[in-house]
file coords_32.pdb (PDB, C-alpha atoms (C1' of nucleotides))
ATOM      1  CA  MET B   1     -13.681 -47.166  81.006  1.00  0.00           C
ATOM      2  CA  ALA B   2     -13.514 -46.792  84.758  1.00  0.00           C
ATOM      3  CA  LEU B   3     -11.405 -48.986  86.981  1.00  0.00           C
ATOM      4  CA  ASP B   4     -13.032 -52.308  87.799  1.00  0.00           C
ATOM      5  CA  ARG B   5     -14.392 -53.068  91.251  1.00  0.00           C
ATOM      6  CA  SER B   6     -11.723 -55.727  91.733  1.00  0.00           C
ATOM      7  CA  PHE B   7      -9.177 -52.899  91.756  1.00  0.00           C
ATOM      8  CA  TYR B   8     -10.642 -51.736  95.061  1.00  0.00           C
ATOM      9  CA  ALA B   9     -11.265 -55.145  96.618  1.00  0.00           C
ATOM     10  CA  ARG B  10      -7.763 -55.350  98.065  1.00  0.00           C
ATOM     11  CA  PRO B  11      -6.021 -54.333 101.280  1.00  0.00           C
ATOM     12  CA  THR B  12      -6.462 -50.619 101.940  1.00  0.00           C
ATOM     13  CA  VAL B  13      -2.778 -49.727 101.822  1.00  0.00           C
ATOM     14  CA  GLU B  14      -2.417 -51.525  98.515  1.00  0.00           C
ATOM     15  CA  VAL B  15      -5.347 -49.610  97.052  1.00  0.00           C
ATOM     16  CA  ALA B  16      -4.019 -46.323  98.430  1.00  0.00           C
ATOM     17  CA  ARG B  17      -0.695 -46.722  96.689  1.00  0.00           C
ATOM     18  CA  ALA B  18      -2.296 -47.960  93.491  1.00  0.00           C
ATOM     19  CA  LEU B  19      -4.551 -44.908  93.349  1.00  0.00           C
ATOM     20  CA  LEU B  20      -1.600 -42.541  92.973  1.00  0.00           C
ATOM     21  CA  GLY B  21      -1.366 -41.378  89.381  1.00  0.00           C
ATOM     22  CA  LYS B  22      -4.928 -42.485  88.596  1.00  0.00           C
ATOM     23  CA  VAL B  23      -7.355 -40.009  87.085  1.00  0.00           C
ATOM     24  CA  ILE B  24     -10.524 -38.958  88.861  1.00  0.00           C
ATOM     25  CA  ARG B  25     -13.330 -37.601  86.721  1.00  0.00           C
ATOM     26  CA  HIS B  26     -16.439 -35.727  87.682  1.00  0.00           C
ATOM     27  CA  ALA B  27     -18.693 -34.203  85.081  1.00  0.00           C
ATOM     28  CA  ARG B  28     -16.301 -32.455  82.685  1.00  0.00           C
ATOM     29  CA  ALA B  29     -13.504 -32.078  85.204  1.00  0.00           C
ATOM     30  CA  SER B  30     -10.591 -34.463  85.512  1.00  0.00           C
ATOM     31  CA  ALA B  31      -7.582 -34.569  87.808  1.00  0.00           C
ATOM     32  CA  ARG B  32      -4.657 -36.779  88.712  1.00  0.00           C
ATOM     33  CA  ILE B  33      -4.447 -38.215  92.217  1.00  0.00           C
ATOM     34  CA  VAL B  34      -1.114 -37.190  93.749  1.00  0.00           C
ATOM     35  CA  GLU B  35      -1.656 -37.645  97.496  1.00  0.00           C
ATOM     36  CA  VAL B  36      -3.706 -40.123  99.569  1.00  0.00           C
ATOM     37  CA  GLU B  37      -4.006 -41.504 103.077  1.00  0.00           C
ATOM     38  CA  ALA B  38      -5.069 -44.996 104.149  1.00  0.00           C
ATOM     39  CA  TYR B  39      -7.618 -45.384 106.938  1.00  0.00           C
ATOM     40  CA  LEU B  40      -7.918 -48.928 108.171  1.00  0.00           C
ATOM     41  CA  GLY B  41     -10.917 -50.362 109.969  1.00  0.00           C
ATOM     42  CA  ALA B  42      -9.801 -52.278 113.027  1.00  0.00           C
ATOM     43  CA  ASN B  43      -6.555 -51.362 114.755  1.00  0.00           C
ATOM     44  CA  ASP B  44      -6.671 -47.786 113.476  1.00  0.00           C
ATOM     45  CA  PRO B  45      -8.031 -45.363 116.103  1.00  0.00           C
ATOM     46  CA  ALA B  46      -7.816 -42.505 113.605  1.00  0.00           C
ATOM     47  CA  ALA B  47     -10.337 -44.102 111.244  1.00  0.00           C
ATOM     48  CA  HIS B  48     -13.995 -43.172 111.399  1.00  0.00           C
ATOM     49  CA  SER B  49     -14.798 -46.852 111.053  1.00  0.00           C
ATOM     50  CA  TYR B  50     -12.745 -47.714 114.147  1.00  0.00           C
ATOM     51  CA  ARG B  51     -15.763 -47.510 116.454  1.00  0.00           C
ATOM     52  CA  GLY B  52     -17.823 -49.802 114.316  1.00  0.00           C
ATOM     53  CA  LEU B  53     -20.716 -49.425 111.928  1.00  0.00           C
ATOM     54  CA  THR B  54     -22.743 -46.210 112.334  1.00  0.00           C
ATOM     55  CA  PRO B  55     -25.096 -44.470 109.911  1.00  0.00           C
ATOM     56  CA  ARG B  56     -22.214 -42.374 108.634  1.00  0.00           C
ATOM     57  CA  THR B  57     -19.645 -45.149 108.302  1.00  0.00           C
ATOM     58  CA  ARG B  58     -21.894 -47.785 106.804  1.00  0.00           C
ATOM     59  CA  VAL B  59     -20.547 -47.274 103.285  1.00  0.00           C
ATOM     60  CA  ILE B  60     -17.019 -47.988 104.546  1.00  0.00           C
ATOM     61  CA  PHE B  61     -18.173 -51.471 105.516  1.00  0.00           C
ATOM     62  CA  GLY B  62     -19.978 -51.996 102.230  1.00  0.00           C
ATOM     63  CA  PRO B  63     -18.728 -53.090  98.808  1.00  0.00           C
ATOM     64  CA  PRO B  64     -15.503 -51.450  97.543  1.00  0.00           C
ATOM     65  CA  GLY B  65     -15.266 -48.828  94.829  1.00  0.00           C
ATOM     66  CA  HIS B  66     -17.764 -46.453  96.389  1.00  0.00           C
ATOM     67  CA  ALA B  67     -17.334 -42.892  97.653  1.00  0.00           C
ATOM     68  CA  TYR B  68     -17.303 -42.054 101.342  1.00  0.00           C
ATOM     69  CA  VAL B  69     -17.897 -38.302 101.613  1.00  0.00           C
ATOM     70  CA  TYR B  70     -18.288 -36.431 104.881  1.00  0.00           C
ATOM     71  CA  LEU B  71     -18.358 -32.859 106.111  1.00  0.00           C
ATOM     72  CA  ILE B  72     -15.509 -31.803 108.359  1.00  0.00           C
ATOM     73  CA  TYR B  73     -15.362 -28.726 110.596  1.00  0.00           C
ATOM     74  CA  GLY B  74     -18.798 -27.768 109.394  1.00  0.00           C
ATOM     75  CA  MET B  75     -17.505 -26.452 106.099  1.00  0.00           C
ATOM     76  CA  HIS B  76     -15.280 -28.778 104.107  1.00  0.00           C
ATOM     77  CA  HIS B  77     -16.097 -32.000 102.324  1.00  0.00           C
ATOM     78  CA  CYS B  78     -13.600 -34.844 102.234  1.00  0.00           C
ATOM     79  CA  LEU B  79     -13.595 -37.583  99.584  1.00  0.00           C
ATOM     80  CA  ASN B  80     -12.657 -41.158 100.430  1.00  0.00           C
ATOM     81  CA  ILE B  81     -12.673 -44.290  98.306  1.00  0.00           C
ATOM     82  CA  VAL B  82     -13.848 -47.507  99.938  1.00  0.00           C
ATOM     83  CA  ALA B  83     -11.413 -50.428  99.764  1.00  0.00           C
ATOM     84  CA  GLU B  84     -11.393 -54.040 100.999  1.00  0.00           C
ATOM     85  CA  PRO B  85     -14.069 -56.641 100.173  1.00  0.00           C
ATOM     86  CA  ALA B  86     -17.625 -55.998 101.379  1.00  0.00           C
ATOM     87  CA  GLY B  87     -17.902 -56.499 105.108  1.00  0.00           C
ATOM     88  CA  VAL B  88     -14.376 -55.284 105.837  1.00  0.00           C
ATOM     89  CA  ALA B  89     -13.770 -51.630 106.749  1.00  0.00           C
ATOM     90  CA  GLY B  90     -11.108 -49.601 104.979  1.00  0.00           C
ATOM     91  CA  CYS B  91     -10.975 -46.459 102.877  1.00  0.00           C
ATOM     92  CA  VAL B  92      -8.545 -44.098 101.192  1.00  0.00           C
ATOM     93  CA  LEU B  93      -8.724 -40.352 101.758  1.00  0.00           C
ATOM     94  CA  ILE B  94      -7.927 -38.363  98.617  1.00  0.00           C
ATOM     95  CA  ARG B  95      -5.771 -35.510  99.919  1.00  0.00           C
ATOM     96  CA  ALA B  96      -4.633 -33.760  96.742  1.00  0.00           C
ATOM     97  CA  VAL B  97      -5.092 -33.898  92.986  1.00  0.00           C
ATOM     98  CA  GLU B  98      -3.340 -32.264  90.066  1.00  0.00           C
ATOM     99  CA  PRO B  99      -5.802 -30.463  87.779  1.00  0.00           C
ATOM    100  CA  LEU B 100      -5.904 -31.907  84.268  1.00  0.00           C
ATOM    101  CA  ARG B 101      -9.004 -30.425  82.731  1.00  0.00           C
ATOM    102  CA  GLY B 102     -11.975 -28.297  83.640  1.00  0.00           C
ATOM    103  CA  ILE B 103     -10.627 -27.219  87.019  1.00  0.00           C
ATOM    104  CA  ALA B 104      -9.935 -23.602  87.967  1.00  0.00           C
ATOM    105  CA  ALA B 105      -9.733 -23.618  91.767  1.00  0.00           C
ATOM    106  CA  PRO B 106      -6.772 -25.000  93.732  1.00  0.00           C
ATOM    107  CA  SER B 107      -6.991 -28.704  94.540  1.00  0.00           C
ATOM    108  CA  ASN B 108      -3.981 -29.276  96.780  1.00  0.00           C
ATOM    109  CA  GLY B 109      -5.863 -30.302  99.914  1.00  0.00           C
ATOM    110  CA  PRO B 110      -8.734 -32.601 100.953  1.00  0.00           C
ATOM    111  CA  GLY B 111     -11.258 -29.789 101.363  1.00  0.00           C
ATOM    112  CA  LYS B 112     -10.016 -27.862  98.380  1.00  0.00           C
ATOM    113  CA  LEU B 113     -10.204 -30.695  95.877  1.00  0.00           C
ATOM    114  CA  THR B 114     -13.802 -31.531  96.712  1.00  0.00           C
ATOM    115  CA  ARG B 115     -14.704 -27.913  96.134  1.00  0.00           C
ATOM    116  CA  ALA B 116     -12.696 -27.770  92.912  1.00  0.00           C
ATOM    117  CA  LEU B 117     -14.352 -30.944  91.615  1.00  0.00           C
ATOM    118  CA  GLY B 118     -17.814 -30.111  92.902  1.00  0.00           C
ATOM    119  CA  ILE B 119     -18.066 -33.080  95.246  1.00  0.00           C
ATOM    120  CA  THR B 120     -20.582 -32.822  98.079  1.00  0.00           C
ATOM    121  CA  LEU B 121     -22.523 -35.007 100.497  1.00  0.00           C
ATOM    122  CA  ALA B 122     -24.769 -35.811  97.556  1.00  0.00           C
ATOM    123  CA  HIS B 123     -21.975 -38.123  96.402  1.00  0.00           C
ATOM    124  CA  TYR B 124     -22.042 -40.168  99.582  1.00  0.00           C
ATOM    125  CA  GLY B 125     -22.075 -43.816  98.532  1.00  0.00           C
ATOM    126  CA  ALA B 126     -21.662 -43.064  94.825  1.00  0.00           C
ATOM    127  CA  ASP B 127     -20.435 -45.988  92.727  1.00  0.00           C
ATOM    128  CA  LEU B 128     -17.049 -45.052  91.284  1.00  0.00           C
ATOM    129  CA  THR B 129     -17.090 -47.769  88.632  1.00  0.00           C
ATOM    130  CA  ARG B 130     -19.902 -46.034  86.791  1.00  0.00           C
ATOM    131  CA  GLY B 131     -21.844 -42.797  86.938  1.00  0.00           C
ATOM    132  CA  PRO B 132     -20.775 -39.149  86.979  1.00  0.00           C
ATOM    133  CA  LEU B 133     -17.911 -39.696  89.433  1.00  0.00           C
ATOM    134  CA  THR B 134     -15.346 -42.254  88.284  1.00  0.00           C
ATOM    135  CA  VAL B 135     -11.668 -43.206  88.528  1.00  0.00           C
ATOM    136  CA  HIS B 136      -9.635 -44.164  85.480  1.00  0.00           C
ATOM    137  CA  GLU B 137      -6.257 -45.371  84.355  1.00  0.00           C
ATOM    138  CA  PRO B 138      -4.160 -42.424  83.097  1.00  0.00           C
ATOM    139  CA  SER B 139      -4.097 -42.069  79.326  1.00  0.00           C
ATOM    140  CA  ALA B 140      -0.316 -42.212  79.177  1.00  0.00           C
ATOM    141  CA  ALA B 141       1.809 -44.577  81.241  1.00  0.00           C
ATOM    142  CA  GLU B 142       4.020 -42.750  83.670  1.00  0.00           C
ATOM    143  CA  THR B 143       6.697 -43.503  86.212  1.00  0.00           C
ATOM    144  CA  PHE B 144       7.068 -41.839  89.575  1.00  0.00           C
ATOM    145  CA  ALA B 145       8.419 -42.476  93.041  1.00  0.00           C
ATOM    146  CA  ILE B 146       5.997 -42.953  95.930  1.00  0.00           C
ATOM    147  CA  ALA B 147       6.912 -41.143  99.129  1.00  0.00           C
ATOM    148  CA  VAL B 148       5.560 -42.098 102.552  1.00  0.00           C
ATOM    149  CA  SER B 149       4.891 -40.095 105.710  1.00  0.00           C
ATOM    150  CA  PRO B 150       2.606 -40.060 108.769  1.00  0.00           C
ATOM    151  CA  ARG B 151      -0.927 -38.860 108.187  1.00  0.00           C
ATOM    152  CA  ILE B 152      -1.822 -35.207 108.554  1.00  0.00           C
ATOM    153  CA  GLY B 153      -4.269 -33.549 110.910  1.00  0.00           C
ATOM    154  CA  ILE B 154      -5.072 -36.496 113.161  1.00  0.00           C
ATOM    155  CA  THR B 155      -4.458 -36.911 116.879  1.00  0.00           C
ATOM    156  CA  GLN B 156      -4.645 -40.691 117.118  1.00  0.00           C
ATOM    157  CA  ALA B 157      -2.128 -43.066 115.584  1.00  0.00           C
ATOM    158  CA  SER B 158      -0.304 -40.040 114.212  1.00  0.00           C
ATOM    159  CA  ASP B 159       2.903 -41.986 113.749  1.00  0.00           C
ATOM    160  CA  LEU B 160       1.698 -44.650 111.353  1.00  0.00           C
ATOM    161  CA  PRO B 161       3.249 -44.255 107.867  1.00  0.00           C
ATOM    162  CA  LEU B 162      -0.048 -44.319 105.987  1.00  0.00           C
ATOM    163  CA  ARG B 163       0.200 -41.189 103.852  1.00  0.00           C
ATOM    164  CA  PHE B 164       1.382 -41.745 100.296  1.00  0.00           C
ATOM    165  CA  PHE B 165       2.159 -39.158  97.679  1.00  0.00           C
ATOM    166  CA  ILE B 166       4.012 -38.700  94.403  1.00  0.00           C
ATOM    167  CA  ALA B 167       7.501 -37.580  95.380  1.00  0.00           C
ATOM    168  CA  GLY B 168       8.253 -34.047  94.269  1.00  0.00           C
ATOM    169  CA  ASN B 169       4.809 -33.330  92.869  1.00  0.00           C
ATOM    170  CA  PRO B 170       4.046 -29.620  93.334  1.00  0.00           C
ATOM    171  CA  PHE B 171       0.346 -30.227  94.024  1.00  0.00           C
ATOM    172  CA  VAL B 172       0.913 -32.248  97.194  1.00  0.00           C
ATOM    173  CA  SER B 173      -0.821 -30.478 100.084  1.00  0.00           C
ATOM    174  CA  ARG B 174       1.918 -29.906 102.623  1.00  0.00           C
ATOM    175  CA  SER B 175       4.538 -31.505 104.796  1.00  0.00           C
ATOM    176  CA  PRO B 176       3.539 -33.769 107.667  1.00  0.00           C
ATOM    177  CA  ALA B 177       3.348 -32.250 111.141  1.00  0.00           C
ATOM    178  CA  ARG B 178       5.896 -34.787 112.246  1.00  0.00           C
ATOM    179  CA  PRO B 179       8.362 -36.377 109.867  1.00  0.00           C
ATOM    180  CA  LEU B 180       8.335 -40.131 109.497  1.00  0.00           C
ATOM    181  CA  ALA B 181      10.926 -41.623 111.799  1.00  0.00           C
ATOM    182  CA  GLN B 182      13.242 -43.686 109.663  1.00  0.00           C
ATOM    183  CA  GLY B 183      16.537 -44.163 111.379  1.00  0.00           C
ATOM    184  CA  LYS B 184      18.342 -40.913 111.947  1.00  0.00           C
ATOM    185  CA  GLY B 185      18.652 -37.678 110.129  1.00  0.00           C
ATOM    186  CA  PRO B 186      15.976 -35.432 108.625  1.00  0.00           C
ATOM    187  CA  TRP B 187      13.099 -37.034 106.820  1.00  0.00           C
ATOM    188  CA  LYS B 188      13.292 -37.310 103.049  1.00  0.00           C
ATOM    189  CA  PRO B 189      10.855 -38.684 100.520  1.00  0.00           C
ATOM    190  CA  GLU B 190      11.346 -42.392 100.449  1.00  0.00           C
ATOM    191  CA  ASP B 191      11.148 -44.270  97.160  1.00  0.00           C
ATOM    192  CA  VAL B 192       9.048 -47.373  97.373  1.00  0.00           C
TER
ATOM    193  C1'  DG C   1     -31.995 -33.490 124.561  1.00  0.00           C
ATOM    194  C1'  DT C   2     -27.299 -31.634 125.240  1.00  0.00           C
ATOM    195  C1'  DA C   3     -22.419 -31.182 124.592  1.00  0.00           C
ATOM    196  C1'  DA C   4     -17.882 -32.267 122.678  1.00  0.00           C
ATOM    197  C1'  DT C   5     -15.267 -33.060 118.736  1.00  0.00           C
ATOM    198  C1'  DG C   6     -13.070 -32.760 114.306  1.00  0.00           C
ATOM    199  C1'  DA C   7      -9.044 -36.911 108.253  1.00  0.00           C
ATOM    200  C1'  DT C   8      -9.624 -28.200 107.159  1.00  0.00           C
ATOM    201  C1'  DC C   9      -8.781 -23.731 105.370  1.00  0.00           C
ATOM    202  C1'  DT C  10      -8.026 -18.803 105.483  1.00  0.00           C
ATOM    203  C1'  DC C  11      -6.698 -14.902 107.518  1.00  0.00           C
ATOM    204  C1'  DT C  12      -3.786 -12.412 111.165  1.00  0.00           C
TER
ATOM    205  C1'  DG N   1      -2.081 -18.683 116.269  1.00  0.00           C
ATOM    206  C1'  DA N   2      -7.283 -18.125 116.131  1.00  0.00           C
ATOM    207  C1'  DG N   3     -11.858 -18.463 114.196  1.00  0.00           C
ATOM    208  C1'  DA N   4     -15.475 -20.191 111.158  1.00  0.00           C
ATOM    209  C1'  DT N   5     -19.411 -23.551 111.490  1.00  0.00           C
ATOM    210  C1'  DC N   6     -22.238 -28.023 111.703  1.00  0.00           C
ATOM    211  C1'  DA N   7     -22.828 -33.217 111.116  1.00  0.00           C
ATOM    212  C1'  DT N   8     -21.962 -36.909 113.879  1.00  0.00           C
ATOM    213  C1'  DT N   9     -21.313 -39.192 118.066  1.00  0.00           C
ATOM    214  C1'  DA N  10     -21.495 -40.287 122.987  1.00  0.00           C
ATOM    215  C1'  DC N  11     -23.748 -39.671 126.978  1.00  0.00           C
ATOM    216  C1'  DC N  12     -27.649 -38.072 130.028  1.00  0.00           C
TER
END
call {"tool": "encode", "arguments": {"input": "coords_32.pdb", "output": "structure tokens"}}
result
Amino acid sequence: MALDRSFYARPTVEVARALLGKVIRHARASARIVEVEAYLGANDPAAHSYRGLTPRTRVIFGPPGHAYVYLIYGMHHCLNIVAEPAGVAGCVLIRAVEPLRGIAAPSNGPGKLTRALGITLAHYGADLTRGPLTVHEPSAAETFAIAVSPRIGITQASDLPLRFFIAGNPFVSRSPARPLAQGKGPWKPEDV
DNA sequence: GTAATGATCTCT
DNA sequence: GAGATCATTACC
């Protein structure tokens, strides 16, 4: 039973954090979400939806619980999950997953996990509450600490703490270009 | 129609 | 540190 649409109809940051530890399934492959980034609509220059509704971003403004897939650098697909109620922009970039079943290739990066799971532009707008691509509650309850950092690979709003990942998980993609400023001293994963 | 840009990855 | 490679967007 996939997660209900109401799970996604919440503020983007809330959905991003809630997605950690959830299980994404496609065909016979399944994987655990270990790293995500929140992309807000308004007030977030780094978000594709920042400049308003275009043919590409229309799904981000639509009903939650759908997939926003796009091609980056002409060769890599990135998977996002639409959050917020219909009419409000907001999505969560899936940055890394931990293979659970049916996955051979590495999946510790946005472009890598789409390749490992077989996700392409054909999944643009796919409904994640039903169909071949779905998100589920993990079979066994688990506890973990959520760490926060700035988002990776962007040039705008690169200081906002909108990247969330499972602290210490070995499948997290990499360290942020710039550590999250939090008082003084070197950055460390922050329990939340 | 044309040009710039990029939420990446791999190799050097 | 550079190159691959193309959909999308902004501007003419």
call {"tool": "resolve_selection", "arguments": {"input": "coords_32.pdb", "expression": "the PyMOL selection byres ((chain C) within 9 of (chain B))", "output": "list in words"}}
result
DG6, DA7, DT8 and DC9 of chain C
call {"tool": "interface_residues", "arguments": {"input": "coords_32.pdb", "of": "chain N", "to": "chain B", "cutoff": "7 Å", "atoms": "only C-alpha atoms (C1' of nucleotides)", "output": "count of residues only"}}
result
3
call {"tool": "resolve_selection", "arguments": {"input": "coords_32.pdb", "expression": "the PyMOL selection byres ((chain C and resi 2) around 10)", "output": "MDAnalysis selection string"}}
result
(chainID C and resid 1 3:4) or (chainID N and resid 11:12)
call {"tool": "axis_aligned_box", "arguments": {"input": "coords_32.pdb", "around": "region 1-5 of chain N", "padding_each_side": "3 Å", "output": "lines of an AutoDock Vina configuration file"}}
result
center_x = -10.7
center_y = -20.8
center_z = 113.7
size_x = 23.3
size_y = 11.4
size_z = 11.1
call {"tool": "residues_around", "arguments": {"input": "coords_32.pdb", "residues": "Asn169 (chain B)", "least_positions_apart": "3", "cutoff": "10 Å", "atoms": "all atoms listed in the file", "output": "CSV table (one decimal) with C-alpha atoms, keeping the file's coordinate frame"}}
result
chain,number,residue,atom,x,y,z
B,34,VAL,CA,-1.1,-37.2,93.7
B,35,GLU,CA,-1.7,-37.6,97.5
B,97,VAL,CA,-5.1,-33.9,93.0
B,98,GLU,CA,-3.3,-32.3,90.1
B,144,PHE,CA,7.1,-41.8,89.6
B,145,ALA,CA,8.4,-42.5,93.0
B,165,PHE,CA,2.2,-39.2,97.7
B,166,ILE,CA,4.0,-38.7,94.4
B,172,VAL,CA,0.9,-32.2,97.2
B,173,SER,CA,-0.8,-30.5,100.1
call {"tool": "resolve_selection", "arguments": {"input": "coords_32.pdb", "expression": "the PyMOL selection byres ((chain B and resi 128) around 8)", "output": "PDB file with C-alpha atoms, in the frame of the given file"}}
result
ATOM      1  CA  ALA B   2     -13.514 -46.792  84.758  1.00  0.00           C
ATOM      2  CA  GLY B  65     -15.266 -48.828  94.829  1.00  0.00           C
ATOM      3  CA  HIS B  66     -17.764 -46.453  96.389  1.00  0.00           C
ATOM      4  CA  ALA B  67     -17.334 -42.892  97.653  1.00  0.00           C
ATOM      5  CA  ALA B 126     -21.662 -43.064  94.825  1.00  0.00           C
ATOM      6  CA  ASP B 127     -20.435 -45.988  92.727  1.00  0.00           C
ATOM      7  CA  THR B 129     -17.090 -47.769  88.632  1.00  0.00           C
ATOM      8  CA  ARG B 130     -19.902 -46.034  86.791  1.00  0.00           C
ATOM      9  CA  GLY B 131     -21.844 -42.797  86.938  1.00  0.00           C
ATOM     10  CA  LEU B 133     -17.911 -39.696  89.433  1.00  0.00           C
ATOM     11  CA  THR B 134     -15.346 -42.254  88.284  1.00  0.00           C
ATOM     12  CA  VAL B 135     -11.668 -43.206  88.528  1.00  0.00           C
TER      13      VAL B 135
END
call {"tool": "residues_around", "arguments": {"input": "coords_32.pdb", "residues": "region 28-33 of chain B", "least_positions_apart": "6", "cutoff": "6 Å", "atoms": "only C-alpha atoms (C1' of nucleotides)", "output": "PyMOL selection string"}}
result
chain B and resi 20-22+97-103
call {"tool": "closest_residue", "arguments": {"input": "coords_32.pdb", "among": "B:Ala83, B:Leu53, B:Ile24, B:Leu160", "to": "Leu117 (chain B)", "atoms": "only C-alpha atoms"}}
result
B:Ile24
call {"tool": "residues_around", "arguments": {"input": "coords_32.pdb", "residues": "Glu14 (chain B)", "least_positions_apart": "2", "cutoff": "12 Å", "atoms": "all atoms listed in the file", "output": "number ranges by chain"}}
result
B: 7-12, 16-20, 36-40, 83-84, 90-92, 162-164
call {"tool": "closest_residue", "arguments": {"input": "coords_32.pdb", "among": "B:His123, B:Gln156, B:Ile146, B:Glu137", "to": "Gly168 (chain B)", "atoms": "all atoms listed in the file"}}
result
B:Ile146
call {"tool": "atom_distance", "arguments": {"input": "coords_32.pdb", "atom1": "CA of Pro170 (chain B)", "atom2": "CA of His136 (chain B)"}}
result
21.5 Å
